[in-house]
Amino acid sequence: MRGFKALLATLVALTLYSFLVFSLYWTIPSDPVAGILNRSSLTFLHSTSPQPLRHTPGPFWKQAQLFYEHILDGTWGVSFWTGSSVLRLILDRAPHTLWIALASLFVTYCLGIGLAYLQLGANNRTVSFLTRSSIALLLSIPAFCTCILLFILSPAGISHLLAVLVYSLSAAPYLAVLVYTHLKAETQTPYFQAALAKGLNLRQVIRKHLLPSVVGQLLAYLPFWWALWVGTSLVIEPILQIPGMGLLAFESFRNQDVAVLVGLALFYGSVRILLGGLRDSLFALTHEKWLGVRAYEP
């Protein structure tokens, strides 16, 4: 039942989000809706006469209906600049971006959990201090500065690897703080104190008893990671010239291709909502012990 409610909430959120995106772009003082609704609107690019503030095939609700029809027929409108289907442009660029995203997510999880483990389980205060300092430093350096530094110091031809490193170094500190905060709270629980009393050392208790409880934190981190990654890719891909969706967004903004920008906003936001729905469903369907939720008897 909880999983069904999460799915229904996701569908409602997708509908409301798409309507919000349409409404925002409809208010732009130009003719963006025309390119979303029909191919004939491309003729205004070659016209020298002043254009009306908005395309007016009918009232607002009629335009919204046509907007949803073009989403459902799989075109997502037509690019002002190329005349191609917006969805086709996004799908052509998506593999370059999504493979890097998946690789960076894996590295982010490994790096974030590793930093949290070192900070909590270090026997040496120097190691703990260096770990905290590294996390604070990574949190304070903008992603584009890290990208430029790696770009200067690294040889040519490894732009995809550089992108994975930049995304991971930008996102891992946030995950490290989240995991460390959770693990630190777990060290105050009775079962943790009981495990230490049985003779296990701190690192053994963390590995065997605390780290499994981090699964819930990793699930909760997914939507935030996507939002952070999207904002980073919009800057990093143009710098490294990776032909992905970030570069497509930069080119569309430069060319004032509003139809493609609408499509990218729909894609990025929809994935964010779907990740949130996936997180809620897994929280509802997965056993509590894997989510770090424990009930203690008085």
# chains A, B, ... in the order shown; residues from 1 in each chain; ligands from 1
$ residues_around --residues "range 133-140 of chain A" --least-positions-apart "6" --cutoff "12 Å" --atoms "only C-alpha atoms" --output "PyMOL selection string"
chain A and resi 111-116+118-119+126-127+146+166-178+180
$ write_last_selection --atoms "C-alpha atoms" --output "PDB file, in the first residue's frame"
ATOM      1  CA  LEU A 111      34.731   8.084  -1.461  1.00  0.00           C
ATOM      2  CA  GLY A 112      31.983   9.447   0.798  1.00  0.00           C
ATOM      3  CA  ILE A 113      31.680   6.275   2.882  1.00  0.00           C
ATOM      4  CA  GLY A 114      35.474   5.985   3.050  1.00  0.00           C
ATOM      5  CA  LEU A 115      35.908   9.530   4.326  1.00  0.00           C
ATOM      6  CA  ALA A 116      33.176   9.065   6.940  1.00  0.00           C
ATOM      7  CA  LEU A 118      38.189   7.323   8.373  1.00  0.00           C
ATOM      8  CA  GLN A 119      36.837  10.278  10.323  1.00  0.00           C
ATOM      9  CA  THR A 126      46.173  13.149  12.980  1.00  0.00           C
ATOM     10  CA  VAL A 127      44.310  10.939  10.505  1.00  0.00           C
ATOM     11  CA  THR A 146      38.524  21.810  -9.382  1.00  0.00           C
ATOM     12  CA  VAL A 166      35.193  16.524 -10.603  1.00  0.00           C
ATOM     13  CA  TYR A 167      31.651  15.233 -10.015  1.00  0.00           C
ATOM     14  CA  SER A 168      32.877  12.822  -7.331  1.00  0.00           C
ATOM     15  CA  LEU A 169      35.041  15.371  -5.522  1.00  0.00           C
ATOM     16  CA  SER A 170      32.127  17.813  -5.545  1.00  0.00           C
ATOM     17  CA  ALA A 171      29.486  15.388  -4.249  1.00  0.00           C
ATOM     18  CA  ALA A 172      31.431  13.043  -1.946  1.00  0.00           C
ATOM     19  CA  PRO A 173      32.002  15.584   0.888  1.00  0.00           C
ATOM     20  CA  TYR A 174      28.240  16.081   1.309  1.00  0.00           C
ATOM     21  CA  LEU A 175      27.729  12.322   1.497  1.00  0.00           C
ATOM     22  CA  ALA A 176      30.634  12.004   3.943  1.00  0.00           C
ATOM     23  CA  VAL A 177      29.038  14.551   6.278  1.00  0.00           C
ATOM     24  CA  LEU A 178      25.648  12.808   6.002  1.00  0.00           C
ATOM     25  CA  TYR A 180      29.358  10.564   9.481  1.00  0.00           C
TER      26      TYR A 180
END
$ select_by_dssp --residues "range 61-173 of chain A" --states "helix (DSSP H, G or I)" --output "PyMOL selection string"
chain A and resi 61-72+86-121+125-140+143-153+159-173
$ residues_around --residues "Lys5 in chain A" --least-positions-apart "5" --cutoff "10 Å" --atoms "only C-alpha atoms" --output "PyMOL selection string"
chain A and resi 10-11+277+280-281+284
$ atom_distance --atom1 "CA of Leu14 in chain A" --atom2 "CA of Leu266 in chain A"
9.0 Å
$ closest_residue --among "A:Leu219, A:Arg272, A:Arg254, A:Ile148" --to "Ile239 in chain A" --atoms "only C-alpha atoms"
A:Ile148
$ closest_atom_pairs --of "range 59-106 of chain A" --to "range 258-263 of chain A" --cutoff "7 Å" --atoms "only C-alpha atoms" --output "Markdown table"
| residue | atom | partner | partner_atom | distance |
| --- | --- | --- | --- | --- |
| A:Trp76 | CA | A:Gly263 | CA | 6.4 |
| A:Gly77 | CA | A:Ala259 | CA | 6.4 |
| A:Val78 | CA | A:Ala259 | CA | 6.4 |
| A:Ser79 | CA | A:Ala259 | CA | 5.6 |
| A:Phe80 | CA | A:Ala259 | CA | 6.6 |
| A:Val86 | CA | A:Val260 | CA | 5.6 |
$ atom_distance --atom1 "CA of Cys147 in chain A" --atom2 "CA of Val271 in chain A"
24.9 Å
$ residues_around --residues "Gly276 in chain A" --least-positions-apart "5" --cutoff "12 Å" --atoms "only C-alpha atoms" --output "list in words"
Ala6, Leu7, Ala9, Thr10, Leu11, Ala13, Leu14, Leu219, Ala220, Tyr221, Leu222, Pro223, Phe224, Trp225, Trp226, Ala227, Gly269, Ser270, Val271, Ser281, Leu282 and Phe283 of chain A
$ closest_residue --among "A:Ser213, A:Gln241, A:Ser23, A:Thr187" --to "Leu120 in chain A" --atoms "only C-alpha atoms"
A:Thr187
$ closest_residue --among "A:Pro190, A:Gly216, A:Pro238, A:Pro95" --to "Ala163 in chain A" --atoms "only C-alpha atoms"
A:Pro238
$ residues_around --residues "range 234-237 of chain A" --least-positions-apart "4" --cutoff "6 Å" --atoms "only C-alpha atoms" --output "ChimeraX atom specification"
/A:241-242,246-247
$ write_last_selection --atoms "N, CA, C and O atoms" --output "tab-separated table (two decimals), in the first residue's frame"
chain	number	residue	atom	x	y	z
A	241	GLN	N	34.33	20.12	-22.95
A	241	GLN	CA	33.82	19.82	-24.29
A	241	GLN	C	33.32	18.38	-24.41
A	241	GLN	O	33.64	17.66	-25.37
A	242	ILE	N	32.55	17.96	-23.42
A	242	ILE	CA	31.92	16.64	-23.46
A	242	ILE	C	30.56	16.80	-24.13
A	242	ILE	O	29.73	17.60	-23.67
A	246	GLY	N	24.72	18.60	-20.65
A	246	GLY	CA	25.19	19.86	-20.11
A	246	GLY	C	25.64	20.81	-21.20
A	246	GLY	O	25.33	22.01	-21.18
A	247	LEU	N	26.38	20.28	-22.17
A	247	LEU	CA	26.81	21.10	-23.31
A	247	LEU	C	25.61	21.49	-24.17
A	247	LEU	O	25.56	22.60	-24.70
$ atom_distance --atom1 "CA of Gly244 in chain A" --atom2 "CA of Ser104 in chain A"
14.8 Å
$ closest_residue --among "A:Ala101, A:Ile273, A:Ile90, A:Leu162" --to "Leu16 in chain A" --atoms "only C-alpha atoms"
A:Ile273
